[in-house]
Amino acid sequence: MKRRNALAAVLGPLLSSVWRPAQAQAWPQRPLRLVVSFAPGGPADIVGRLVGQALQERLKQSVVIENRTGAGGNLAAKYVAGVPADGYTLLVTTSSMAVNQTLYKDPGYNALRDFTPIVNLAASPNILVVHPSDPAPDLKTFLAQNKGKPVSYGSAGVGSTPHLTADHVLRVLGKLDAVHVPFQGAAPALNAAMANQVPVASVALPPAVPLVKAGRVRALAVTSLQRIPSMPQVPTVAESGFPDFEDYTWTGLFGPAGLPAEIVATLNAAANEVLRQPDLSEKLAAAGLERTGGTPAEFAAYLQREVAKWGRIVKETGISAQ
């Protein structure tokens with residue numbers, strides 16, 4: 001018996017170290033995967049790749065980007081909602097997560113229940129643009145000149161925040177007979193505006209910035225509360241007769257529900273650290289994006305407000321993805 005107890009005393013710690021659960025080890029022990037809900041080149045992908053590369057340096061682990069597109073961001077969100085909450089598979093998605101709760105009868109997940117908000121990474125306002133030959137110098141004039149006439153507008157697709165923004169501004173608030181023309185992304189919508197195939201296009205700011213600066217399209221208004229520093233000549237929707245109007249397309253980092261608090265804290269601290277880097281801030285600004293950052297609690301509260309806000313807009317516009 002004494003020999004058995006002595007053997008157990010020697011082997012016990014060794015066996016414990018061999019069989020210690022993986023989650024008790026320091027995280028991360030292997031590469032991370034960032035599942036991006038939209039195609040390469042869009043705001044979510046731009047932010048995901050920039051932040052992913054910086055996180056890779058901070059966490060000393062590879063970060064793999066996987067674009068899992070479809071259903072307005074729902075495919076990626078539904079997938080990540082079902083993975084183990086171990087911190088190795090995370091979601092980079094946009095405000096589509098808040099919009100889709102009411103836009104779809106069943107998006108396949110609950111934005112407030114099935115995810116752990118980690119950090120709001122970056123945001124950009126939407127922008128309404130027209131062909132340079134359009135006589136209206138701003139949104140207020142555009143609305144006045146088109147009263148009583150059918151007006152088509154292009155966007156990046158049904159249910160996107162630029163679609164909801166345009167329908168809310170042009171049809172609900174501006175009282176125009178506005179008809180939506182959906183495109184497969186911001187680039188085709190902008191191309192249609194450049195070719196004067198649609199009177200106006202509504203897109204997230206980043207892909208429009210170089211075209212506005214090159215004079216290939218002209219901006220009517222941006223949806224931020226304040227004017228954009230890089231384009232101070234462009235008025236806001238709030239200045240155009242709709243006080244306090246503000247719409248942003250944001251990009252955030254999420255884990256599945258139940259992500260351990262220590263992993264959330266590590267990711268949040270690392271993300272905020274990289275967002276404060278001047279070079280990353282400059283890269284985001286060059287793409288028309290503003291860094292956000294903040295705590296998980298702040299992001300969770302913001303998500304709740306966004307779900308409620310976009311729910312009201314979906315109801316007012318009557319838009320549905322079904």
# chains A, B, ... in the order shown; residues from 1 in each chain; ligands from 1
>>> residues_around(residues="range 143-155 of chain A", least_positions_apart="3", cutoff="7 Å", atoms="only C-alpha atoms", output="list in words")
Leu139, Lys140, Pro162, His163, Gly174, Leu176, Asp177, Ala178, Val179, His180, Val181, Pro182, Phe183, Ala186, Ala189, Val198, Pro199, Val200, Ala201, Ser202 and Val203 of chain A
>>> select_by_dssp(residues="range 45-178 of chain A", states="alpha helix (DSSP H)", output="PyMOL selection string")
chain A and resi 45-59+74-81+96-103+139-145+161-166
>>> atom_distance(atom1="CA of Val83 in chain A", atom2="CA of Ala257 in chain A")
9.4 Å
>>> closest_residue(among="A:Ala287, A:Pro117, A:Ser320, A:Pro125", to="Gln226 in chain A", atoms="only C-alpha atoms")
A:Pro125
>>> residues_around(residues="Val119 in chain A", least_positions_apart="6", cutoff="8 Å", atoms="only C-alpha atoms", output="NGL selection string")
:A and (252-254 or 268 or 271 or 293-296 or 299)
>>> residues_around(residues="range 48-51 of chain A", least_positions_apart="4", cutoff="9 Å", atoms="only C-alpha atoms", output="VMD selection string")
chain A and resid 34 to 36 43 to 44 55 to 56 64 to 65 92 to 93 121 251 to 253 271 274 to 275 280 283 to 284
>>> write_last_selection(atoms="N, CA and C atoms", output="CSV table (one decimal), in the first residue's frame")
chain,number,residue,atom,x,y,z
A,34,LEU,N,-10.7,34.0,-38.5
A,34,LEU,CA,-11.7,35.0,-38.5
A,34,LEU,C,-12.6,34.8,-39.7
A,35,VAL,N,-13.9,34.5,-39.4
A,35,VAL,CA,-14.9,34.3,-40.5
A,35,VAL,C,-15.5,35.6,-40.8
A,36,VAL,N,-15.3,36.1,-42.1
A,36,VAL,CA,-15.8,37.4,-42.5
A,36,VAL,C,-17.0,37.1,-43.3
A,43,PRO,N,-16.0,46.7,-46.8
A,43,PRO,CA,-15.6,47.2,-45.5
A,43,PRO,C,-15.3,46.1,-44.5
A,44,ALA,N,-16.1,45.0,-44.4
A,44,ALA,CA,-15.9,44.0,-43.4
A,44,ALA,C,-14.6,43.3,-43.7
A,55,LEU,N,-3.6,41.5,-35.0
A,55,LEU,CA,-3.8,40.5,-33.9
A,55,LEU,C,-2.8,39.4,-33.9
A,56,GLN,N,-2.5,39.0,-35.1
A,56,GLN,CA,-1.5,37.9,-35.3
A,56,GLN,C,-0.2,38.2,-34.7
A,64,VAL,N,-6.1,33.3,-39.7
A,64,VAL,CA,-6.6,32.9,-41.0
A,64,VAL,C,-7.9,33.6,-41.3
A,65,ILE,N,-8.0,34.3,-42.4
A,65,ILE,CA,-9.2,34.9,-42.8
A,65,ILE,C,-10.0,34.0,-43.7
A,92,VAL,N,-16.3,38.3,-38.0
A,92,VAL,CA,-16.1,39.7,-38.3
A,92,VAL,C,-17.3,40.0,-39.2
A,93,THR,N,-18.3,40.8,-38.7
A,93,THR,CA,-19.4,41.1,-39.5
A,93,THR,C,-19.8,42.6,-39.3
A,121,LEU,N,-15.1,47.4,-34.1
A,121,LEU,CA,-13.8,47.7,-34.7
A,121,LEU,C,-13.7,49.1,-35.5
A,251,THR,N,-18.4,47.6,-38.4
A,251,THR,CA,-17.8,46.3,-38.5
A,251,THR,C,-17.3,45.9,-37.1
A,252,GLY,N,-17.8,44.7,-36.6
A,252,GLY,CA,-17.4,44.3,-35.2
A,252,GLY,C,-16.9,42.9,-35.2
A,253,LEU,N,-16.3,42.6,-34.0
A,253,LEU,CA,-15.7,41.3,-33.8
A,253,LEU,C,-16.6,40.6,-32.7
A,271,ALA,N,-7.2,44.1,-29.5
A,271,ALA,CA,-7.9,44.8,-30.6
A,271,ALA,C,-7.8,46.3,-30.4
A,274,VAL,N,-4.3,47.6,-31.1
A,274,VAL,CA,-3.9,47.7,-32.5
A,274,VAL,C,-4.7,48.8,-33.2
A,275,LEU,N,-5.9,49.1,-32.7
A,275,LEU,CA,-6.7,50.2,-33.3
A,275,LEU,C,-6.1,51.5,-32.9
A,280,LEU,N,-2.3,51.8,-38.5
A,280,LEU,CA,-3.6,51.2,-38.7
A,280,LEU,C,-4.7,52.2,-38.9
A,283,LYS,N,-4.5,53.6,-42.3
A,283,LYS,CA,-5.0,52.7,-43.3
A,283,LYS,C,-6.5,52.6,-43.3
A,284,LEU,N,-7.1,52.7,-42.2
A,284,LEU,CA,-8.6,52.7,-42.1
A,284,LEU,C,-9.2,54.0,-42.7
>>> closest_residue(among="A:Glu239, A:Ala221, A:Glu57, A:Pro256", to="Thr116 in chain A", atoms="only C-alpha atoms")
A:Pro256
>>> closest_residue(among="A:Tyr248, A:Gln304, A:Phe142, A:Val234", to="Leu164 in chain A", atoms="only C-alpha atoms")
A:Tyr248
>>> residues_around(residues="Gly70 in chain A", least_positions_apart="4", cutoff="8 Å", atoms="only C-alpha atoms", output="JSON, numbers by chain")
{"A": [37, 38, 74, 75, 76]}
>>> select_by_dssp(residues="range 83-140 of chain A", states="strand (DSSP E or B)", output="list in words")
Thr89, Leu90, Leu91, Val92, Thr93, Thr94, Phe115, Thr116, Pro117, Ile118, Val119, Asn120, Leu121, Ala122, Ala123, Ser124, Pro125, Asn126, Ile127, Leu128, Val129 and Val130 of chain A
>>> residues_around(residues="Arg33 in chain A", least_positions_apart="5", cutoff="8 Å", atoms="only C-alpha atoms", output="VMD selection string")
chain A and resid 63 to 66 88 to 90
>>> atom_distance(atom1="CA of Ala321 in chain A", atom2="CA of Asp167 in chain A")
14.2 Å
>>> closest_residue(among="A:Thr317, A:Gln53, A:Gln61, A:Asn120", to="Pro28 in chain A", atoms="only C-alpha atoms")
A:Gln61
>>> residues_around(residues="Ser62 in chain A", least_positions_apart="4", cutoff="8 Å", atoms="only C-alpha atoms", output="PyMOL selection string")
chain A and resi 30-32+56
>>> write_last_selection(atoms="C-alpha atoms", output="compact mmCIF listing (two decimals), in the first residue's frame")
# COMPACT_ATOMS: atom_id res chain seq x y z
CA ARG A 30 -3.14 27.27 -32.21
CA PRO A 31 -4.14 29.49 -35.17
CA LEU A 32 -7.29 31.59 -35.01
CA GLN A 56 -1.50 37.88 -35.33
>>> closest_residue(among="A:Leu220, A:Val212, A:Trp310, A:Gln101", to="Asp134 in chain A", atoms="only C-alpha atoms")
A:Leu220
